[in-house]
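Q: Below is a structure I'd like to ask you about.
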Amino acid sequence: MHFPGSHVLSIAQFQRQDVDRVFAVADAMRPYAHREKITRVLEGAILGSMFFEPSTRTRISFGSAFNLLGGEVRETTGFETTAIAKGESLYDTARVLSGYSDVIAMRHPEPGSVAEFAQGSRVPVINGGDGANEHPTQALLDLYTIRSELASRGRGLDDLRIAMVGDLRFGRTVHSLARLLQLYPGIHISLVSPPELAMPADIVESARMAGHRVVETEHLETGISGVDIVYSTRLQEERFASAEEADAYRGRFRLDQQIYTARCEPNTVIMHPLPRDSREGARELDIDLNDNPNLAIFRQSDNGVLVRMALFALILDVADKVDTHARPVNWFTERRF
Amino acid sequence: MHFPGSHVLSIAQFQRQDVDRVFAVADAMRPYAHREKITRVLEGAILGSMFFEPSTRTRISFGSAFNLLGGEVRETTGFETTAIAKGESLYDTARVLSGYSDVIAMRHPEPGSVAEFAQGSRVPVINGGDGANEHPTQALLDLYTIRSELASRGRGLDDLRIAMVGDLRFGRTVHSLARLLQLYPGIHISLVSPPELAMPADIVESARMAGHRVVETEHLETGISGVDIVYSTRLQEERFASAEEADAYRGRFRLDQQIYTARCEPNTVIMHPLPRDSREGARELDIDLNDNPNLAIFRQSDNGVLVRMALFALILDVADKVDTHARPVNWFTERRF
Amino acid sequence: MHFPGSHVLSIAQFQRQDVDRVFAVADAMRPYAHREKITRVLEGAILGSMFFEPSTRTRISFGSAFNLLGGEVRETTGFETTAIAKGESLYDTARVLSGYSDVIAMRHPEPGSVAEFAQGSRVPVINGGDGANEHPTQALLDLYTIRSELASRGRGLDDLRIAMVGDLRFGRTVHSLARLLQLYPGIHISLVSPPELAMPADIVESARMAGHRVVETEHLETGISGVDIVYSTRLQEERFASAEEADAYRGRFRLDQQIYTARCEPNTVIMHPLPRDSREGARELDIDLNDNPNLAIFRQSDNGVLVRMALFALILDVADKVDTHARPVNWFTERRF
């Protein structure tokens, strides 16, 4: 991966040294995200935020990350029905829209569409999720969170022990995370799901090929014992044939404080790509975990801003200039929690 | 009310000295809103504008106010169906979204929802309207307008005489304004409505407890005689069981120039929360009042920007720094009217 | 046309010297649009972008143009149903919304609505398209593109030979361009369409009154011979009574590389207002033209940013100050293609 001017379409583009570089830059973004100072390094730059499928968090996370570097955001949300209905090719759309910005963050419901768009784009494109295919910034922020949480425990990523829990069949984030982990040696992966919602076989196989130890189980209590990270997921009910079919699996693996105390090691980190389902009957992560300091789900979403800032800084080649354009913060910045 | 870092959820948070402070800061914002100079005091700060219910004016008024202080705006409009449908709690939504900004302005159709959101928010939240419950910035801009208009007549707020006209039952703005006026002594309130659309009894009672003289009438001509302010309102037809039921009240209290000349004192100020209904059959404020210099309805909406700038400045604790970061304006700023 | 503070509602406002001035300023905007430098001349200014009808490109083109001058954008998209449903007049809407910005770019489905809105606006309004009526910035960017393309061939606009091809009846852009060309002497216009989709007679007549030579034909090969510019258009199928009726004309005039080579002069410029219809059966401009250096359709959309920057600069009277507020660009700016 050569960053300046590169598209970010897939985690397959990243070697370990690339990930290390992203994470080092993300670390350097902390003082800005935490409002200890501001930077104007991207003053005058424009992010084209093209969310052809709604995703409030991802969209605002990208936009805020760009603002934090000093740039402006021009946004499109909702399906671009007009031009599509008029028969415009994605190539033409890209050629036109890429004339309006310096970098594009794009989400689109069709797998492969972001890569196709990138072929017509004059400026770098970051994939913000293309259907069931890829969501590389989510995988990077997940791994960055694992790294940060373990670092505060004096540990590195090598020999990580992680449990992935829930709907491992349709959950895009666990697929990408499992793939990204293959850059690291000695990972132990514990997969907890009903057999019908198991991790796709090709991902399990390639993890094993990478030297990872992968164990599959249907039992939450077994699966989360002896791990550093529990990565819980929501039932992707929108991918099931009917609500009834989804109901059969709803609430199957509920982690609460009692089970955590009984089964997890004292510092086991709890993660989730969010949103978590807090409705009666679902609750894959009970709200009684909110007071558990190892619940990292909100730090995880905060880290998304750092990782996206890092990607923008690397793609636009300003990582080494961010501090040069730093200024003091004028306003009240104390935050709750 | 302790401003730096505070949420602004309800007018009940405001004591008279707080209102005085907001209004003093709003006064100081005039040169910026009038483009005599610009300020960059909030350069690098991000407003999260979360309008889960549409409201073009309030949304843009908040956004422009923040821009005028030098900050950036990241916006969400429309109901956040995705995460709700996936079972996310408002607490989780707040924890996540508040990680992307320095302050949040939020509107939501459910009464109490903004306060609930604020409990999960790491940054200050300003209520931009939560259903039938509260819309504190509207009440503040209304009172600020009354104060400004009277000041140009050499008068203060004490002993104010105000007529509130129209749908006083469902009109949220008159409820809040009546409550806010209880901070001031000797107010005379003339309530003009059909009995079925009368001001709720608890508000009338608490006004009287505060020492206000409250008179209720069904007759416009009587009600608007001898007042400083006529505050007219639109029929909140969306709150009626049917259009037919609303029609029974439509156009009941129409103020036009003829009635104004006949019944009002020469300098009586005309206000309205807008939008006014200009359709044949409604016209609570006739367009022939557009040339009346006492028609303050557009100054009222302009004042909304000043009041919102003041709240941002106080909450983010930059009120005393705004002028330090002032710069000259480069562009043509002459305005019509 | 007196620019500072002026509305831009119709191409009828422009004399030749006005067009020359816009184009000269647009030329001066190139280094900023090409990221050779940035300018902050409009720092602190706010564009109110009011797109009551969707138009992703035009909306983002305006917004990016304003950002490139250093200003902020506050945006409204979609029909403003709320206030309309509540009976608000366009005059009131304009009075209120114009209090939130320094200039407004507006699109609205109703012919004449932007001019009506402008009457209530305190700040300059630029028409971004009002239904079938006007879209003056499109006409200006089309003419600017013709001028730029011919200039690179050592030619001026006088004695231009242009073919307009396709649905000349419903295509708003060819109407406006034909009218704007009347400011220049000696134009040869070749109109290629089925008789049922011919250019409206009044436009043909006024072109002839202006001394232009206008030829009408049904044959693409004849019509595009001996011209400097081929301006192709999409079938405006949404204006037809039925899809079947539109189908009768679809794909009637398809320009591809073979026909271009056979019939056009070697440097004939190919233009199109976009989107072009790339579906099988339509393809008024075949994708095999993408490698033809005379295909100017994407330069055309890029030029839209320059022309809109120029209009903002002239209306806000900063054209002579843009360079004074220039700064270097910090980021990687290399573009593909």
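Chain labels follow the order of the structure tokens: the first chain is A, the next B, and so on; residue numbering restarts at 1 in every chain, and ligands are counted from 1 in their shown order.
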Do you know which residues are at most 10 Å from Ile287 in chain A counting only C-alpha atoms, after dropping those on the same chain fewer than 2 positions away, and could you put them as a list in words?

A: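 Answer for this query is Leu255, Asp256, Gln257, Arg276, Ser278, Arg283, Glu284, Leu285, Leu289, Asn290, Asp291 and Asn292 of chain A; Ser89 and Asp92 of chain B.
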
Q: Please produce a file of those selected residues containing N, CA and C atoms, as a short mmCIF file (atom, residue, chain, number, x, y, z; two decimals), in the first residue's frame.

A:
data_model
loop_
_atom_site.label_atom_id
_atom_site.label_comp_id
_atom_site.auth_asym_id
_atom_site.auth_seq_id
_atom_site.Cartn_x
_atom_site.Cartn_y
_atom_site.Cartn_z
N LEU A 255 -24.53 -11.71 26.85
CA LEU A 255 -23.49 -11.51 27.85
C LEU A 255 -23.96 -10.44 28.82
N ASP A 256 -23.95 -10.78 30.10
CA ASP A 256 -24.24 -9.76 31.11
C ASP A 256 -23.14 -9.81 32.17
N GLN A 257 -23.26 -8.98 33.19
CA GLN A 257 -22.19 -8.87 34.17
C GLN A 257 -21.98 -10.18 34.92
N ARG A 276 -25.85 -1.96 19.33
CA ARG A 276 -26.23 -3.18 20.04
C ARG A 276 -27.74 -3.14 20.20
N SER A 278 -30.79 -3.37 22.26
CA SER A 278 -31.13 -3.30 23.68
C SER A 278 -32.57 -3.66 23.97
N ARG A 283 -30.60 -8.03 23.46
CA ARG A 283 -29.61 -7.72 24.50
C ARG A 283 -28.38 -8.61 24.48
N GLU A 284 -27.71 -8.63 23.33
CA GLU A 284 -26.48 -9.43 23.26
C GLU A 284 -25.43 -8.92 24.25
N LEU A 285 -25.48 -7.61 24.55
CA LEU A 285 -24.66 -7.06 25.64
C LEU A 285 -25.59 -6.32 26.58
N LEU A 289 -23.65 -4.06 31.90
CA LEU A 289 -22.21 -3.99 31.62
C LEU A 289 -21.72 -2.55 31.46
N ASN A 290 -22.66 -1.58 31.42
CA ASN A 290 -22.26 -0.19 31.17
C ASN A 290 -21.27 0.34 32.21
N ASP A 291 -21.32 -0.20 33.42
CA ASP A 291 -20.40 0.26 34.46
C ASP A 291 -19.10 -0.55 34.49
N ASN A 292 -19.00 -1.53 33.64
CA ASN A 292 -17.80 -2.35 33.58
C ASN A 292 -16.72 -1.59 32.80
N SER B 89 -30.64 1.82 22.01
CA SER B 89 -31.22 2.75 22.98
C SER B 89 -30.76 4.16 22.69
N ASP B 92 -27.28 4.79 24.02
CA ASP B 92 -26.18 4.35 23.15
C ASP B 92 -25.98 5.33 22.00
#

Q: Can you give me chain A superposed onto chain C, least-squares on all Cα in order, written as a compact mmCIF listing (two decimals) with C-alpha atoms, in the first residue's frame?

A:
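Listed below is the output, selection24.txt:
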# COMPACT_ATOMS: atom_id res chain seq x y z
CA MET A 1 -25.83 43.58 -15.01
CA HIS A 2 -24.33 45.23 -11.96
CA PHE A 3 -22.75 42.34 -10.06
CA PRO A 4 -22.21 43.29 -6.41
CA GLY A 5 -25.41 42.32 -4.63
CA SER A 6 -27.24 41.27 -7.81
CA HIS A 7 -29.48 38.28 -8.19
CA VAL A 8 -28.63 35.89 -11.06
CA LEU A 9 -32.00 34.66 -12.25
CA SER A 10 -31.87 34.54 -16.03
CA ILE A 11 -29.38 34.62 -18.86
CA ALA A 12 -31.42 37.56 -20.19
CA GLN A 13 -29.65 39.67 -17.54
CA PHE A 14 -26.29 39.19 -19.26
CA GLN A 15 -24.78 41.42 -21.90
CA ARG A 16 -21.67 40.35 -23.75
CA GLN A 17 -19.43 42.42 -21.48
CA ASP A 18 -20.98 40.72 -18.43
CA VAL A 19 -20.28 37.30 -19.88
CA ASP A 20 -16.73 38.39 -20.67
CA ARG A 21 -16.29 39.52 -17.09
CA VAL A 22 -17.62 36.23 -15.66
CA PHE A 23 -15.31 34.27 -17.91
CA ALA A 24 -12.25 36.36 -17.08
CA VAL A 25 -12.88 35.80 -13.37
CA ALA A 26 -13.52 32.09 -14.00
CA ASP A 27 -10.12 31.89 -15.69
CA ALA A 28 -8.55 33.42 -12.60
CA MET A 29 -10.19 30.73 -10.45
CA ARG A 30 -8.33 27.89 -12.19
CA PRO A 31 -5.30 27.79 -9.85
CA TYR A 32 -7.65 27.38 -6.89
CA ALA A 33 -9.83 24.73 -8.50
CA HIS A 34 -6.65 22.93 -9.59
CA ARG A 35 -5.28 23.05 -6.04
CA GLU A 36 -2.18 25.06 -6.90
CA LYS A 37 -3.19 27.32 -4.02
CA ILE A 38 -6.17 27.97 -1.75
CA THR A 39 -7.90 31.22 -0.92
CA ARG A 40 -9.71 32.27 2.25
CA VAL A 41 -11.31 35.41 0.85
CA LEU A 42 -14.84 34.33 1.87
CA GLU A 43 -13.83 33.03 5.29
CA GLY A 44 -16.86 33.56 7.53
CA ALA A 45 -19.36 33.89 4.68
CA ILE A 46 -22.31 31.49 4.45
CA LEU A 47 -23.94 30.09 1.31
CA GLY A 48 -27.56 29.06 1.76
CA SER A 49 -27.95 26.09 -0.59
CA MET A 50 -31.68 25.54 -1.08
CA PHE A 51 -32.37 22.59 -3.35
CA PHE A 52 -36.11 22.09 -3.17
CA GLU A 53 -35.67 19.63 -6.06
CA PRO A 54 -32.87 17.06 -6.02
CA SER A 55 -29.82 17.71 -8.15
CA THR A 56 -26.72 16.20 -6.64
CA ARG A 57 -24.22 17.60 -9.12
CA THR A 58 -25.47 21.15 -9.32
CA ARG A 59 -25.84 21.30 -5.56
CA ILE A 60 -22.34 19.99 -4.85
CA SER A 61 -20.85 22.10 -7.61
CA PHE A 62 -22.24 25.26 -6.00
CA GLY A 63 -21.18 24.12 -2.54
CA SER A 64 -17.65 23.18 -3.55
CA ALA A 65 -17.26 26.45 -5.44
CA PHE A 66 -18.16 28.35 -2.29
CA ASN A 67 -15.85 26.22 -0.14
CA LEU A 68 -13.02 26.84 -2.61
CA LEU A 69 -13.42 30.56 -1.91
CA GLY A 70 -13.18 29.88 1.83
CA GLY A 71 -16.88 30.09 2.76
CA GLU A 72 -19.24 27.77 4.59
CA VAL A 73 -22.38 26.08 3.23
CA ARG A 74 -25.68 25.48 5.00
CA GLU A 75 -27.82 23.16 2.98
CA THR A 76 -31.46 22.21 2.51
CA THR A 77 -32.48 19.40 0.19
CA GLY A 78 -35.88 18.02 -0.68
CA PHE A 79 -39.16 19.78 -0.89
CA GLU A 80 -39.82 22.08 2.06
CA THR A 81 -43.15 20.44 2.68
CA THR A 82 -43.61 21.61 6.23
CA ALA A 83 -43.86 25.34 5.75
CA ILE A 84 -45.69 25.05 2.42
CA ALA A 85 -48.24 22.72 3.99
CA LYS A 86 -48.68 25.28 6.75
CA GLY A 87 -49.54 27.90 4.15
CA GLU A 88 -46.39 30.01 4.21
CA SER A 89 -45.84 32.24 1.21
CA LEU A 90 -42.60 32.01 -0.77
CA TYR A 91 -42.03 35.63 0.21
CA ASP A 92 -42.09 34.78 3.92
CA THR A 93 -39.87 31.74 3.36
CA ALA A 94 -37.37 33.94 1.57
CA ARG A 95 -37.42 36.66 4.21
CA VAL A 96 -36.69 34.10 6.92
CA LEU A 97 -34.14 31.89 5.16
CA SER A 98 -32.22 34.84 3.70
CA GLY A 99 -31.51 35.95 7.27
CA TYR A 100 -29.25 32.93 7.68
CA SER A 101 -26.75 33.44 4.86
CA ASP A 102 -24.83 35.89 2.68
CA VAL A 103 -25.93 34.50 -0.67
CA ILE A 104 -28.38 31.79 -1.76
CA ALA A 105 -28.19 29.17 -4.52
CA MET A 106 -31.65 27.77 -5.14
CA ARG A 107 -33.31 25.11 -7.26
CA HIS A 108 -37.06 24.67 -7.32
CA PRO A 109 -39.37 22.64 -9.59
CA GLU A 110 -41.77 25.54 -10.30
CA PRO A 111 -40.92 27.90 -13.18
CA GLY A 112 -40.63 31.44 -11.86
CA SER A 113 -40.35 30.35 -8.23
CA VAL A 114 -36.72 31.39 -7.83
CA ALA A 115 -37.47 34.90 -9.08
CA GLU A 116 -40.45 35.08 -6.71
CA PHE A 117 -38.25 33.91 -3.85
CA ALA A 118 -35.65 36.52 -4.78
CA GLN A 119 -38.21 39.28 -4.24
CA GLY A 120 -38.38 38.36 -0.57
CA SER A 121 -34.69 37.68 -0.12
CA ARG A 122 -32.43 40.12 1.66
CA VAL A 123 -29.34 38.60 0.03
CA PRO A 124 -28.46 37.80 -3.60
CA VAL A 125 -30.08 34.67 -5.07
CA ILE A 126 -28.56 32.54 -7.84
CA ASN A 127 -31.00 30.45 -9.86
CA GLY A 128 -29.82 26.83 -9.84
CA GLY A 129 -32.72 25.79 -12.09
CA ASP A 130 -36.43 26.56 -11.80
CA GLY A 131 -38.22 23.76 -13.60
CA ALA A 132 -38.46 24.13 -17.35
CA ASN A 133 -37.69 27.82 -17.13
CA GLU A 134 -34.03 28.79 -16.58
CA HIS A 135 -30.72 27.37 -15.44
CA PRO A 136 -28.39 30.26 -16.13
CA THR A 137 -25.21 28.83 -14.58
CA GLN A 138 -25.50 25.78 -16.89
CA ALA A 139 -25.72 28.03 -19.94
CA LEU A 140 -22.73 30.04 -18.75
CA LEU A 141 -20.60 26.95 -18.08
CA ASP A 142 -21.53 25.54 -21.47
CA LEU A 143 -20.47 28.72 -23.20
CA TYR A 144 -17.36 28.95 -21.04
CA THR A 145 -16.45 25.42 -22.10
CA ILE A 146 -16.96 26.24 -25.78
CA ARG A 147 -14.75 29.30 -25.35
CA SER A 148 -12.03 27.32 -23.50
CA GLU A 149 -12.01 24.47 -26.00
CA LEU A 150 -11.87 26.83 -28.96
CA ALA A 151 -9.18 28.96 -27.30
CA SER A 152 -6.93 25.91 -27.12
CA ARG A 153 -7.43 25.71 -30.91
CA GLY A 154 -6.61 29.41 -31.32
CA ARG A 155 -10.21 30.41 -31.97
CA GLY A 156 -12.75 32.78 -30.42
CA LEU A 157 -16.53 32.56 -30.05
CA ASP A 158 -17.37 34.73 -33.04
CA ASP A 159 -18.41 32.75 -36.13
CA LEU A 160 -18.76 29.61 -34.05
CA ARG A 161 -20.32 26.60 -35.80
CA ILE A 162 -22.30 24.39 -33.42
CA ALA A 163 -24.58 21.38 -33.84
CA MET A 164 -27.24 20.73 -31.19
CA VAL A 165 -28.41 17.14 -31.27
CA GLY A 166 -31.29 15.20 -29.77
CA ASP A 167 -34.32 16.26 -27.78
CA LEU A 168 -34.24 19.97 -28.59
CA ARG A 169 -37.85 20.46 -27.57
CA PHE A 170 -37.63 19.60 -23.88
CA GLY A 171 -33.90 20.10 -23.32
CA ARG A 172 -33.62 23.26 -21.22
CA THR A 173 -29.86 23.58 -21.67
CA VAL A 174 -29.94 23.93 -25.46
CA HIS A 175 -32.64 26.59 -25.21
CA SER A 176 -30.55 28.67 -22.84
CA LEU A 177 -27.34 28.14 -24.77
CA ALA A 178 -29.02 29.17 -28.04
CA ARG A 179 -30.25 32.34 -26.36
CA LEU A 180 -26.89 33.14 -24.81
CA LEU A 181 -25.15 32.70 -28.18
CA GLN A 182 -27.23 35.60 -29.52
CA LEU A 183 -24.74 37.89 -27.81
CA TYR A 184 -22.17 36.81 -30.41
CA PRO A 185 -22.18 37.53 -34.15
CA GLY A 186 -22.05 35.11 -37.04
CA ILE A 187 -23.01 31.89 -35.27
CA HIS A 188 -23.93 28.86 -37.41
CA ILE A 189 -26.36 26.57 -35.62
CA SER A 190 -27.17 23.12 -36.92
CA LEU A 191 -30.21 21.63 -35.19
CA VAL A 192 -30.48 17.84 -35.35
CA SER A 193 -33.71 16.33 -34.03
CA PRO A 194 -36.88 14.54 -35.07
CA PRO A 195 -39.46 17.14 -36.16
CA GLU A 196 -41.56 16.36 -33.09
CA LEU A 197 -38.64 17.23 -30.81
CA ALA A 198 -37.50 20.32 -32.71
CA MET A 199 -36.18 23.47 -31.10
CA PRO A 200 -39.11 25.79 -30.20
CA ALA A 201 -39.87 28.13 -33.09
CA ASP A 202 -39.48 31.32 -31.06
CA ILE A 203 -35.89 30.44 -30.17
CA VAL A 204 -35.06 29.61 -33.80
CA GLU A 205 -36.62 32.87 -34.91
CA SER A 206 -34.83 35.04 -32.38
CA ALA A 207 -31.53 33.38 -33.32
CA ARG A 208 -32.16 34.29 -36.95
CA MET A 209 -33.13 37.82 -35.91
CA ALA A 210 -29.74 38.02 -34.19
CA GLY A 211 -28.13 37.25 -37.55
CA HIS A 212 -27.41 33.59 -36.91
CA ARG A 213 -27.60 31.02 -39.64
CA VAL A 214 -29.85 28.19 -38.39
CA VAL A 215 -30.26 24.91 -40.27
CA GLU A 216 -32.59 22.13 -39.14
CA THR A 217 -32.17 18.49 -40.10
CA GLU A 218 -33.20 15.00 -39.07
CA HIS A 219 -29.89 13.47 -40.12
CA LEU A 220 -27.08 13.25 -37.61
CA GLU A 221 -24.38 12.69 -40.24
CA THR A 222 -25.37 15.82 -42.14
CA GLY A 223 -25.88 17.95 -39.05
CA ILE A 224 -22.51 17.32 -37.45
CA SER A 225 -20.44 17.90 -40.58
CA GLY A 226 -18.40 21.08 -40.62
CA VAL A 227 -19.02 22.21 -37.04
CA ASP A 228 -16.68 23.17 -34.21
CA ILE A 229 -18.94 21.80 -31.47
CA VAL A 230 -21.34 18.88 -31.27
CA TYR A 231 -23.62 19.47 -28.30
CA SER A 232 -25.48 16.21 -27.68
CA THR A 233 -28.41 15.87 -25.29
CA ARG A 234 -30.27 13.17 -23.46
CA LEU A 235 -33.89 12.33 -24.26
CA GLN A 236 -35.89 14.11 -21.52
CA GLU A 237 -38.08 11.05 -21.12
CA GLU A 238 -39.66 12.34 -17.91
CA ARG A 239 -41.44 14.98 -20.01
CA PHE A 240 -43.15 12.46 -22.29
CA ALA A 241 -46.67 11.15 -21.74
CA SER A 242 -45.41 7.57 -21.46
CA ALA A 243 -42.21 5.53 -21.60
CA GLU A 244 -43.48 4.02 -24.85
CA GLU A 245 -43.76 7.42 -26.44
CA ALA A 246 -40.22 8.24 -25.36
CA ASP A 247 -38.97 4.88 -26.63
CA ALA A 248 -39.90 5.89 -30.16
CA TYR A 249 -37.06 8.43 -30.07
CA ARG A 250 -34.56 6.67 -27.89
CA GLY A 251 -31.20 6.00 -29.49
CA ARG A 252 -32.17 7.94 -32.62
CA PHE A 253 -28.96 9.98 -32.72
CA ARG A 254 -26.03 7.98 -31.43
CA LEU A 255 -22.60 9.42 -31.84
CA ASP A 256 -19.73 6.97 -31.57
CA GLN A 257 -16.09 7.05 -32.59
CA GLN A 258 -16.79 5.60 -36.03
CA ILE A 259 -19.33 8.25 -36.97
CA TYR A 260 -17.12 10.91 -35.42
CA THR A 261 -14.14 9.84 -37.55
CA ALA A 262 -16.25 9.64 -40.69
CA ARG A 263 -18.20 12.88 -40.31
CA CYS A 264 -16.58 15.34 -37.91
CA GLU A 265 -13.62 17.58 -38.46
CA PRO A 266 -10.53 16.30 -36.63
CA ASN A 267 -10.83 18.63 -33.67
CA THR A 268 -14.58 18.83 -33.29
CA VAL A 269 -15.42 19.21 -29.62
CA ILE A 270 -18.04 16.88 -28.11
CA MET A 271 -20.21 18.27 -25.33
CA HIS A 272 -23.20 17.08 -23.29
CA PRO A 273 -24.93 18.59 -20.24
CA LEU A 274 -24.81 15.18 -18.46
CA PRO A 275 -25.94 12.76 -17.29
CA ARG A 276 -25.51 10.89 -20.56
CA ASP A 277 -27.66 7.79 -20.91
CA SER A 278 -25.29 4.81 -21.14
CA ARG A 279 -27.97 2.15 -21.22
CA GLU A 280 -28.20 -0.22 -24.15
CA GLY A 281 -30.67 1.36 -26.53
CA ALA A 282 -29.84 4.95 -25.62
CA ARG A 283 -26.13 5.86 -25.69
CA GLU A 284 -26.35 9.24 -27.35
CA LEU A 285 -22.59 9.41 -26.73
CA ASP A 286 -20.97 6.00 -26.90
CA ILE A 287 -18.40 5.10 -24.27
CA ASP A 288 -15.91 4.37 -27.06
CA LEU A 289 -15.56 8.16 -27.23
CA ASN A 290 -14.05 8.18 -23.71
CA ASP A 291 -10.55 7.98 -25.18
CA ASN A 292 -11.20 10.77 -27.66
CA PRO A 293 -9.35 13.87 -26.40
CA ASN A 294 -12.06 16.05 -27.92
CA LEU A 295 -14.68 14.60 -25.58
CA ALA A 296 -15.11 17.66 -23.35
CA ILE A 297 -18.02 16.46 -21.19
CA PHE A 298 -16.03 16.09 -17.98
CA ARG A 299 -14.09 19.31 -18.52
CA GLN A 300 -17.53 20.85 -18.95
CA SER A 301 -18.67 19.73 -15.50
CA ASP A 302 -15.32 20.80 -14.01
CA ASN A 303 -15.84 24.22 -15.58
CA GLY A 304 -19.10 24.50 -13.68
CA VAL A 305 -17.09 24.99 -10.50
CA LEU A 306 -15.03 27.78 -12.10
CA VAL A 307 -18.09 29.63 -13.40
CA ARG A 308 -19.91 29.34 -10.06
CA MET A 309 -16.81 30.54 -8.20
CA ALA A 310 -16.73 33.51 -10.58
CA LEU A 311 -20.39 34.36 -9.99
CA PHE A 312 -19.96 34.19 -6.23
CA ALA A 313 -16.83 36.34 -6.45
CA LEU A 314 -18.59 38.96 -8.58
CA ILE A 315 -21.83 39.05 -6.61
CA LEU A 316 -19.98 39.29 -3.31
CA ASP A 317 -17.49 41.71 -4.87
CA VAL A 318 -14.30 39.86 -3.98
CA ALA A 319 -13.02 39.09 -7.48
CA ASP A 320 -10.10 41.45 -7.01
CA LYS A 321 -9.30 40.18 -3.51
CA VAL A 322 -9.14 36.44 -4.12
CA ASP A 323 -5.39 36.41 -4.69
CA THR A 324 -4.72 38.64 -1.69
CA HIS A 325 -6.08 35.90 0.54
CA ALA A 326 -4.25 33.07 -1.19
CA ARG A 327 -2.24 30.48 0.75
CA PRO A 328 -0.20 27.43 -0.18
CA VAL A 329 -1.75 23.97 -0.37
CA ASN A 330 -0.43 21.47 2.17
CA TRP A 331 -1.75 18.21 0.82
CA PHE A 332 -1.18 15.73 -2.01
CA THR A 333 -3.06 17.09 -5.01
CA GLU A 334 -2.14 14.86 -7.93
CA ARG A 335 -5.22 13.77 -9.85
CA ARG A 336 -5.88 10.82 -12.10
CA PHE A 337 -6.62 11.30 -15.84

Q: Please give the complete set of residues from range 220-258 of chain B that DSSP, run on the backbone, assigns to strand (DSSP E or B), formatted as an NGL selection string.

A: :B and (229-232 or 255)

Q: Could you write out that same residue set with N, CA and C atoms as a PDB file, in the first residue's frame?

A:
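Resulting contents of again.pdb:
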ATOM      1  N   ILE B 229     -47.417  44.376  23.067  1.00  0.00           N
ATOM      2  CA  ILE B 229     -47.084  43.297  22.132  1.00  0.00           C
ATOM      3  C   ILE B 229     -48.340  42.510  21.778  1.00  0.00           C
ATOM      4  N   VAL B 230     -48.551  42.274  20.488  1.00  0.00           N
ATOM      5  CA  VAL B 230     -49.527  41.267  20.063  1.00  0.00           C
ATOM      6  C   VAL B 230     -48.734  40.075  19.538  1.00  0.00           C
ATOM      7  N   TYR B 231     -48.872  38.950  20.216  1.00  0.00           N
ATOM      8  CA  TYR B 231     -48.177  37.733  19.798  1.00  0.00           C
ATOM      9  C   TYR B 231     -49.215  36.811  19.182  1.00  0.00           C
ATOM     10  N   SER B 232     -49.246  36.771  17.859  1.00  0.00           N
ATOM     11  CA  SER B 232     -50.220  35.975  17.133  1.00  0.00           C
ATOM     12  C   SER B 232     -49.647  34.586  16.858  1.00  0.00           C
ATOM     13  N   LEU B 255     -55.652  39.504  12.208  1.00  0.00           N
ATOM     14  CA  LEU B 255     -55.204  40.873  12.408  1.00  0.00           C
ATOM     15  C   LEU B 255     -54.756  41.440  11.070  1.00  0.00           C
TER      16      LEU B 255
END
